[in-house]
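Quick notes on the structure that follows.
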Amino acid sequence: MAHDIRSTLNKSRHPQGTSGSLEVHLAEYSVLSGRCTAWLSLMVPIWAILATFLAVIAVCWSLFSDHVVLAWTLGIGGQLVLLMWFQTIEEQYRAVIYIQTKLRPRIQKLISGSKFWTYESYSAGRDDFLSWWGEWFGPSLVLILLVVILVIRKNLQIIDYVGVSANVLLFIIQILKTITRVRLRLQIAKADDR
């Protein structure tokens, strides 16, 4: 894509210094693309971390007879992993929004008439019925599990209050992060196809 923009600029007549400005903007685009690739490469190990965490909890489950602490630890650890996952998505969305709202208009001024970097708005703007469940699956699952555990543990003890407090706090953070991700995705979808 960067090569296509360069060749378009070279074929047209633009004021002196335009090519240098374009190179700076394209370099910034390359850095942002690299950053997104780095965030993507962090997404895969997050699930390996969760699998390892679950394996450790499973081993501990068979070693200890009192599972209350392990259950609350499982909730806290699982939510922390979800929050790491949410952060990787959020950072990628922020880069796309920057490209769409800041970088693309600057380049557009330098090379008029060319449409470029429009895939994100095209993709995010699709009417995909199943998008909502992916964004709200984590918080919904946590809510269900919290309710189930509280129903099972009718007579709460001190450790339960600590576990509930920590998990509810992380649950609230999940809700806030999910709202942020949804807003960012919708912002991407509303971006102009210039």
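Going by the structure tokens order, chains are called A, B, ..., each with residues numbered from 1, while ligands are numbered from 1 in the order shown.
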
| message | Using DSSP assignments from the backbone, pull out every residue in segment 43-157 of chain A that falls under helix (DSSP H, G or I) and give it to me as a ChimeraX atom specification. | response | /A:43-63,68-110,119-124,131-152

- Distance query segment 156-161 of chain A at most 9 Å, only C-alpha atoms, self and fewer than 3 positions along chain excluded, as a list in words: Val68, Val69, Trp72, Leu150, Arg153, Val164, Ser165 and Ala166 of chain A

Writing out the chosen residues with N, CA and C atoms as a compact mmCIF listing (two decimals), in the first residue's frame:
```
# COMPACT_ATOMS: atom_id res chain seq x y z
N VAL A 68 -12.36 -23.51 48.26
CA VAL A 68 -12.90 -22.15 48.23
C VAL A 68 -11.86 -21.15 47.74
N VAL A 69 -10.68 -21.20 48.30
CA VAL A 69 -9.61 -20.27 47.90
C VAL A 69 -9.25 -20.50 46.43
N TRP A 72 -11.96 -18.93 44.12
CA TRP A 72 -11.86 -17.47 44.00
C TRP A 72 -10.60 -17.07 43.26
N LEU A 150 -22.19 -17.86 44.23
CA LEU A 150 -22.88 -17.27 45.39
C LEU A 150 -24.11 -18.10 45.78
N ARG A 153 -22.59 -21.24 47.48
CA ARG A 153 -22.01 -20.87 48.79
C ARG A 153 -22.99 -20.00 49.55
N VAL A 164 -15.32 -12.52 46.56
CA VAL A 164 -16.39 -11.79 45.87
C VAL A 164 -15.95 -10.37 45.58
N SER A 165 -15.35 -9.71 46.56
CA SER A 165 -14.92 -8.32 46.37
C SER A 165 -13.92 -8.19 45.22
N ALA A 166 -12.90 -9.05 45.23
CA ALA A 166 -11.88 -8.99 44.18
C ALA A 166 -12.49 -9.29 42.81
```

message = Neighbouring residues of Trp47 of chain A were defined as those with any atom within 12 Å, considering only C-alpha atoms; residues of the same chain fewer than 2 positions away were excluded. Please report them as a list in words.
response =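 Listed by chain and then number, they are Ser41, Leu42, Met43, Val44, Pro45, Ile49, Leu50, Ala51, Thr52, Phe53, Leu54, Gly78, Leu80, Val81, Leu82, Leu83, Met84 and Trp85 of chain A.
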
Okay, now the selection with N, CA and C atoms, as a compact mmCIF listing (two decimals), in the first residue's frame?
```
# COMPACT_ATOMS: atom_id res chain seq x y z
N SER A 41 0.74 -10.60 18.14
CA SER A 41 1.61 -11.70 18.58
C SER A 41 1.50 -11.96 20.07
N LEU A 42 1.01 -10.97 20.83
CA LEU A 42 0.78 -11.19 22.26
C LEU A 42 -0.55 -11.88 22.54
N MET A 43 -1.46 -11.86 21.58
CA MET A 43 -2.78 -12.45 21.81
C MET A 43 -2.72 -13.97 21.93
N VAL A 44 -1.89 -14.63 21.17
CA VAL A 44 -1.81 -16.09 21.21
C VAL A 44 -1.27 -16.59 22.54
N PRO A 45 -0.17 -16.04 23.06
CA PRO A 45 0.33 -16.53 24.34
C PRO A 45 -0.63 -16.29 25.52
N ILE A 49 -1.21 -18.83 28.57
CA ILE A 49 -1.14 -18.45 29.99
C ILE A 49 -2.38 -18.95 30.71
N LEU A 50 -3.54 -18.77 30.11
CA LEU A 50 -4.78 -19.24 30.72
C LEU A 50 -4.78 -20.75 30.87
N ALA A 51 -4.34 -21.46 29.84
CA ALA A 51 -4.29 -22.93 29.90
C ALA A 51 -3.34 -23.40 31.01
N THR A 52 -2.18 -22.75 31.12
CA THR A 52 -1.22 -23.09 32.17
C THR A 52 -1.82 -22.81 33.55
N PHE A 53 -2.46 -21.67 33.68
CA PHE A 53 -3.09 -21.30 34.95
C PHE A 53 -4.15 -22.32 35.34
N LEU A 54 -4.98 -22.75 34.37
CA LEU A 54 -6.01 -23.75 34.65
C LEU A 54 -5.40 -25.09 35.02
N GLY A 78 -8.60 -15.86 35.94
CA GLY A 78 -9.29 -15.88 34.66
C GLY A 78 -9.67 -14.49 34.19
N LEU A 80 -8.16 -11.68 35.03
CA LEU A 80 -6.94 -10.95 34.67
C LEU A 80 -6.49 -11.31 33.26
N VAL A 81 -6.61 -12.60 32.91
CA VAL A 81 -6.26 -13.02 31.55
C VAL A 81 -7.20 -12.37 30.53
N LEU A 82 -8.50 -12.33 30.85
CA LEU A 82 -9.45 -11.67 29.95
C LEU A 82 -9.11 -10.19 29.79
N LEU A 83 -8.72 -9.55 30.87
CA LEU A 83 -8.36 -8.13 30.78
C LEU A 83 -7.12 -7.92 29.92
N MET A 84 -6.17 -8.85 29.97
CA MET A 84 -5.00 -8.76 29.08
C MET A 84 -5.46 -8.88 27.62
N TRP A 85 -6.36 -9.80 27.36
CA TRP A 85 -6.90 -9.99 26.01
C TRP A 85 -7.61 -8.72 25.54
```

Students should find that atom CA of Thr73 of chain A and atom CA of Phe171 of chain A are spaced 13.8 Å

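Atom CA of Cys36 of chain A to atom CA of Ser123 of chain A spans 16.5 Å [interatomic distance, one decimal].
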
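Nearest to Val182 of chain A of all the residues A:Phe116, A:Phe86, A:Trp39, A:Trp61 is A:Phe86, based on only C-alpha atoms.
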
So which residues touch segment 88-105 of chain A within 9 Å, counting only C-alpha atoms, skipping near sequence neighbours fewer than 5 positions away, as JSON, numbers by chain?
{"A": [25, 26, 28, 29, 32, 33, 35, 36, 37, 39, 40, 42, 43, 83, 110, 116, 117, 118, 120, 121, 177, 180, 181, 184, 185, 187, 188, 191, 192, 194]}

Might you pull out every residue within 9 Å of Thr178 of chain A, with only C-alpha atoms counted and same-chain residues fewer than 3 positions away left off, and present them as a CSV table (one decimal) with N, CA and C atoms, in the first residue's frame?
```csv
chain,number,residue,atom,x,y,z
A,86,PHE,N,-8.4,-8.2,26.4
A,86,PHE,CA,-9.2,-6.9,26.1
A,86,PHE,C,-8.2,-5.8,25.7
A,135,GLU,N,-17.9,-9.6,22.2
A,135,GLU,CA,-17.5,-8.5,23.0
A,135,GLU,C,-18.0,-8.6,24.5
A,136,TRP,N,-19.2,-9.2,24.6
A,136,TRP,CA,-19.8,-9.3,25.9
A,136,TRP,C,-19.8,-10.8,26.5
A,138,GLY,N,-17.1,-12.5,27.7
A,138,GLY,CA,-16.3,-12.5,29.0
A,138,GLY,C,-17.1,-12.0,30.2
A,139,PRO,N,-17.6,-10.8,30.1
A,139,PRO,CA,-18.4,-10.3,31.3
A,139,PRO,C,-19.6,-11.1,31.6
A,173,ILE,N,-14.3,-3.7,36.1
A,173,ILE,CA,-13.3,-3.3,35.1
A,173,ILE,C,-13.5,-3.9,33.8
A,174,GLN,N,-13.9,-5.2,33.7
A,174,GLN,CA,-14.2,-5.8,32.5
A,174,GLN,C,-15.4,-5.1,31.7
A,175,ILE,N,-16.4,-4.8,32.5
A,175,ILE,CA,-17.6,-4.1,31.9
A,175,ILE,C,-17.1,-2.7,31.3
A,181,ARG,N,-14.1,-0.9,24.3
A,181,ARG,CA,-13.9,-1.6,23.1
A,181,ARG,C,-15.0,-1.5,22.1
A,182,VAL,N,-16.3,-1.6,22.6
A,182,VAL,CA,-17.4,-1.4,21.7
A,182,VAL,C,-17.4,0.0,21.1
A,183,ARG,N,-17.2,1.0,21.9
A,183,ARG,CA,-17.2,2.4,21.4
A,183,ARG,C,-16.1,2.6,20.4
```

| said: Please report the interatomic distance between atom CA of Gly34 of chain A and atom CA of Arg106 of chain A in Å with one decimal. | reply: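 Calculated distance between atom CA of Gly34 of chain A and atom CA of Arg106 of chain A is 19.9 Å.
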
Closest of A:Val151, A:Leu70, A:Leu176, A:Leu146 to Gln87 of chain A, counting only C-alpha atoms, is A:Leu176
